[in-house]
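Chemist: Below are the structure tokens for one structure; questions will follow.
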2 protein chains.
Amino acid sequence: MMSLGDNGSVQTQTKVLSQDSWTQVSCPCCVSKQVEPLVLIQLSNNVQPVTKRWLISLIEASKRHGGAALLAHPGEDECGDVIMVSAPRCTFLKATEDLGLCKKYHNEDMVAFSYHDRDNFSNVDDMQEFLTLAERQYIVKNELDSLQAQKKQRIPGVLEAPGVLEAWENICQKLVRAGVIKDIFPLHNQQRLNDLGRSWYYKKQIWGQPLDAIQSYFGSTVAFYFSFLDFYTWALVPPAFLGLVLTFLLPGGGGVVKEQAVEGVMEEDDDGPSVSGHMVQAVFSMLWSTLFIELWKRRSSSLSHRWGTLNLAERFAGPRPGFHGTLGLNPETGRLEPLFPEWQRQLRVGLVSLPLVGLFLGLVVLGMTGFYHGEALVQGFHQDSGSLFSGTLLYLPSMAHIVYTNMLGNVYHSVAMQLTEWENHREESSFQNHHTTKVLLFTFFNNFAVLFHIAFYKQDLPLLRKRLASMLIGNQLMNQCTEVVVPFIVDRYLSAPHKKEQEDDLEVDKLRAQRSLPPFPGLFAEYIELLLQFGYLSLFSCVYPLTAVLLLLNNITEIRGDAYKICKLFRKPFSAPVSNMGVWQTAFEVLGFVSVMSNCWLLLLSPRVQEFCLEGGISGKNIILVAILVEHVLILVKMILAFMIPDEPDWVRIKREQIEFNSMQALGQQKL
Amino acid sequence: MMSLGDNGSVQTQTKVLSQDSWTQVSCPCCVSKQVEPLVLIQLSNNVQPVTKRWLISLIEASKRHGGAALLAHPGEDECGDVIMVSAPRCTFLKATEDLGLCKKYHNEDMVAFSYHDRDNFSNVDDMQEFLTLAERQYIVKNELDSLQAQKKQRIPGVLEAPGVLEAWENICQKLVRAGVIKDIFPLHNQQRLNDLGRSWYYKKQIWGQPLDAIQSYFGSTVAFYFSFLDFYTWALVPPAFLGLVLTFLLPGGGGVVKEQAVEGVMEEDDDGPSVSGHMVQAVFSMLWSTLFIELWKRRSSSLSHRWGTLNLAERFAGPRPGFHGTLGLNPETGRLEPLFPEWQRQLRVGLVSLPLVGLFLGLVVLGMTGFYHGEALVQGFHQDSGSLFSGTLLYLPSMAHIVYTNMLGNVYHSVAMQLTEWENHREESSFQNHHTTKVLLFTFFNNFAVLFHIAFYKQDLPLLRKRLASMLIGNQLMNQCTEVVVPFIVDRYLSAPHKKEQEDDLEVDKLRAQRSLPPFPGLFAEYIELLLQFGYLSLFSCVYPLTAVLLLLNNITEIRGDAYKICKLFRKPFSAPVSNMGVWQTAFEVLGFVSVMSNCWLLLLSPRVQEFCLEGGISGKNIILVAILVEHVLILVKMILAFMIPDEPDWVRIKREQIEFNSMQALGQQKL
């Protein structure tokens, strides 16, 4: 990430914190002695001083003059390759209103912040108390992102072809494309980070995380992930308990299966849990997944109220930087901005994206079919010839399949990103949700295709059980290694000298340390891991009841591992205020429904059920019909339950309706 | 409805329209020369003048003094048994804001009405233009309903036990219970009613109804019903066309079936449509029902925008009259009113109402099983003995079943009403939705239990086909008779002298005519008829493809019949402004999903499919699995389609978001 040339400039950065070099503000309420550096703009090391001066002047200029109304600091001198950015109080407060954040009113209620009414909010004079660090940094980034060229102009100091800004073009995006800006990232606050770490991953108790502190430092996106991880881990206790009971206490082969799985003795085994155990599992799985997701929704909405993100106004803010369209008046807000008709986006999603995603899922299936076909072919050939050549040939199908899957995955990831860009979403959250959905579908399919193939096509329960156990244990061991152990060792021992220096050195060096860290890769991998876990658990757990126990053990370490990772191993990420987990919540909900189907199916396949039917003289056709009936009834019960449990606690609903009522009242009082 | 004693007072009512007897208003903007009588309060004929005077003074008193701020007219004299009620301009305008109605702004936009900003709305000086007749009447009723006793007091002139009003007790409800008020109903405007009739049911074209005029005269509840009926009838054209094609053009026994059904030749018949015809029907049914309901949602929301009901504020208005709870401050609006915790209502619904409804549905099934069992028993007995006694005994099971079903229905209706009252819903719409859902479930179950029994348990397709045809034709003929022909004859010929008198007589006599009409029974019966139709069509149409054709023919006459009925045969109903069909829309949507399941099942049963499988050598087990797969895929496609088609047209969404944005802006401008 950092070229060698950077080191020279970093070493002279002792002046970084000289408060005089910050933009001088004229607004009396914004004057403060100490300006906190929030965001760092990393310029390329061959940037011209004239370009840097121009960029700083843009950052400092008022909104009326097309600027971002922020505070800038040129680093050690005009030739340096960094700009540090902060914001004055007025910019913070106006942005807080625009984002629709709720803040504490003088009567302790959470109320949508209004700049006009600012004096009635608590802590409004101290930005460090009023806004969280994550919010302050997000606001600075947001203001930088909103910089637009007022007219067609040349970027000063950039002579090559990409140096011409069109009118209304996004300036930051353009500067990144033109190679002027290398990166923009928020700065860590080492003191607070160390405090957070002490109460988070270094503490003695197993349970409990400092969620509010996480939200304050890393923002609600990250805090929602850790809250969910926490909630999910707790929720695993009942199925783990049930799994233990079914395996060790009830009559049936569960105990045997478990030992086999652990010892790796994978011999053919027709024993599964008993019929009643199976039934209990299927019904329990339905109830548990419904209650889990409904209770999480309630928890999520109360967290959202606590963190002031219940009433976000993303729809009424400006469009995301990558959005393009014909310039016009936004019919809702009356502001001049690019417009793109909704129906056109819908058509693009429905007629292009959906079929293309379907095509790729088809290609996954094709690959799997090809693999099985090839394997059968090669094995036949090997049995016929038995030579060394045919023996090595045995590895060919799986090799080819791995290569194929990897290539397909890579192509798909870039296609998914381009499709989502092309769908031209106006809001960042909508963009993220559509992109996540695409990648998620593919990843999920890729991971579960084999299990589904075994369960539904081969209908081979013992094989499914073995495969599930090996996948669970294998995946978890690998995840724990790559996610925690390796980075920990690298961080602790291999980069130790680098660390030592940092402890008792100047802030400048801490800054250098941050620039050398890799950027945070986002929470996609973390969420998909949880979703796959939840999939193993809810889709197939009735063939391997100990799944929940393994997952529970895994997640207790996962919490600390993830916490350590985000605090120590990466740059601080920007984090938009969000009111829920977005599309991930839907994904867990959908999986809950699919799990009812798969459990009924597995129930049908179970050898015990088949035996039971034979003994009772029930025909194979009728038992299928009973299974369909059970499935439909369970899904109906699940839907009724989900409908009956309100998605938000009463007190959150009342707060939300209060806000609605107040704005209705306000509208009535006002002449348009 | 009207006792003989009434006639005496009615005959002297020529003074009813003397404008001087109306309440004199002091507010300068409310003074008008001509007051339009809107609502009639029918008192019992032995009411004391002191009671009537007290009631009139309450109606006239300002809100500050615990009155309704309306205009009252005592009829011919103080002893008469009617009070006519109207409202002054200020009351209308304030109520319009409280209801959250949208009205035309000076720039032609529909904007939520604000009393503060009233001068910028069109027609605000002419209440007859500004509010529709239905809205004016609803507002008067609403204000009457909101009359509450300020303190514990005795009703003047009522000496018996029920004559004591508790503090905060609803006065109108109390007066009805105490026998003082016999009825409250809105008055027809004969001139406008005749105009409406001419453009509605007397006109020559088959298609098209004057929906805006209906909305204006009868209110949005009624207008939504007729809009839906219209939309639904149009939507029947494609399935009717498909039915004709499948029956007469495709190879297969469809044509034969049709002739048999019509001619009543009900012999055993294994011929159904061909396999491909069946498949086409199942897929078409899925697509059609999805598109139908999604497009209706769009139409519904654009009608709602047109009629100004997009932004109703029922939640923030006072509770419905029957609502009770402990007196407290409403946390949302800050007003003093009875409160009842939401979770308690949810518990009552979930733990009492739901199981009780389930119990009654179980009793329906029990009754049906008993009927079949009894029939088998009696037939066995008759075959054994063959006597005259056993011959008459053959009728016993169906007689018993009819009596049982009717008794069960009556008990259920009263249980459903009491349960819904006990659930204690705060809003009228919520009350209506819960009550409708209960009755609807039962009625639907009662009607379809036999068909489901034949289709799923007996699995006898030819019987299903016959039963469906006879039910369709029988039901329709009976409906047309009872709904249109009989009332028309009664109205035209039997009550002719009464009519004649009315045409050229005073308004007083028209008033008398209205008092003698029965009250409007509500739209439940009309909606349930459409829902049952839709059920026959979507659940079982693939066994009898001509269903849609019959329904289409039926509905064209239904539109005119219903229109005639509501205009001529009943008193004018009160009609609350609503923004959609409420729970009926959900019922149609749910039926769409059930229809996918039932179509797949019927496909599976179809003898052609069975033959096809035998020929192709596919086992019975596998064909069931294929059918399950098809069902799940169709449901998935249906859900994706429903998700992809936006529920409201873009322009409505923009208007709605404009309102939201404006109220957010207004909130920001205001200090709390």
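To be explicit about the labels: the chains of the structure tokens are called A, B, and onward in the order shown, and within each one the residues are counted from 1, while ligands get numbers from 1 in the order they are shown.
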Write down as a ChimeraX atom specification the residues of segment 270-493 of chain A whose backbone DSSP state falls under helix (DSSP H, G or I).

Modeler: /A:275-306,314-316,342-385,388-393,396-423,428-458,461-493

Chemist: Residues of chain B within 6 Å of chain A, counting only C-alpha atoms - could you list those as number ranges by chain?

Modeler: B: 114, 116-117, 332, 621, 658, 663-664, 666-669, 671

Chemist: Rounded to one decimal place, report the atom CA of Leu58 of chain A-atom CA of Thr132 of chain A distance in Å.

Modeler: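 That distance, rounded to one decimal, is 25.6 Å.
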
Chemist: From a backbone DSSP assignment, name each residue in segment 75-257 of chain A labelled strand (DSSP E), as a list of chain:residue names.

Modeler: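 Filtering segment 75-257 of chain A to strand (DSSP E) leaves A:Val82, A:Ile83, A:Met84, A:Val85, A:Ser86, A:Cys102, A:Lys103, A:Lys104, A:Met110, A:Val111, A:Ala112, A:Gln153, A:Arg154, A:Val164, A:Leu165, A:Ile181, A:Lys182, A:Asp183, A:Ile184, A:Phe185, A:Pro186.
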
Chemist: Would you work out the distance separating atom CA of Cys27 of chain A from atom CA of Leu93 of chain A, expressed in Å to one decimal?

Modeler: 13.3 Å

Chemist: Mind checking which residues fall within 9 Å of Met581 of chain A, counting only C-alpha atoms, ignoring those fewer than 5 positions away in the same chain, and posting them as a PDB file with C-alpha atoms, in the first residue's frame?

Modeler:
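Saved file out-v2.pdb follows:
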ATOM      1  CA  THR A 221     -22.443  -1.157  11.025  1.00  0.00           C
ATOM      2  CA  PHE A 224     -24.651  -4.452  14.657  1.00  0.00           C
ATOM      3  CA  TYR A 225     -22.407  -7.268  13.532  1.00  0.00           C
ATOM      4  CA  PHE A 228     -25.774 -10.087  16.232  1.00  0.00           C
ATOM      5  CA  SER A 300     -32.122  -4.776  16.576  1.00  0.00           C
ATOM      6  CA  THR A 586     -33.536 -11.183   5.326  1.00  0.00           C
TER       7      THR A 586
END
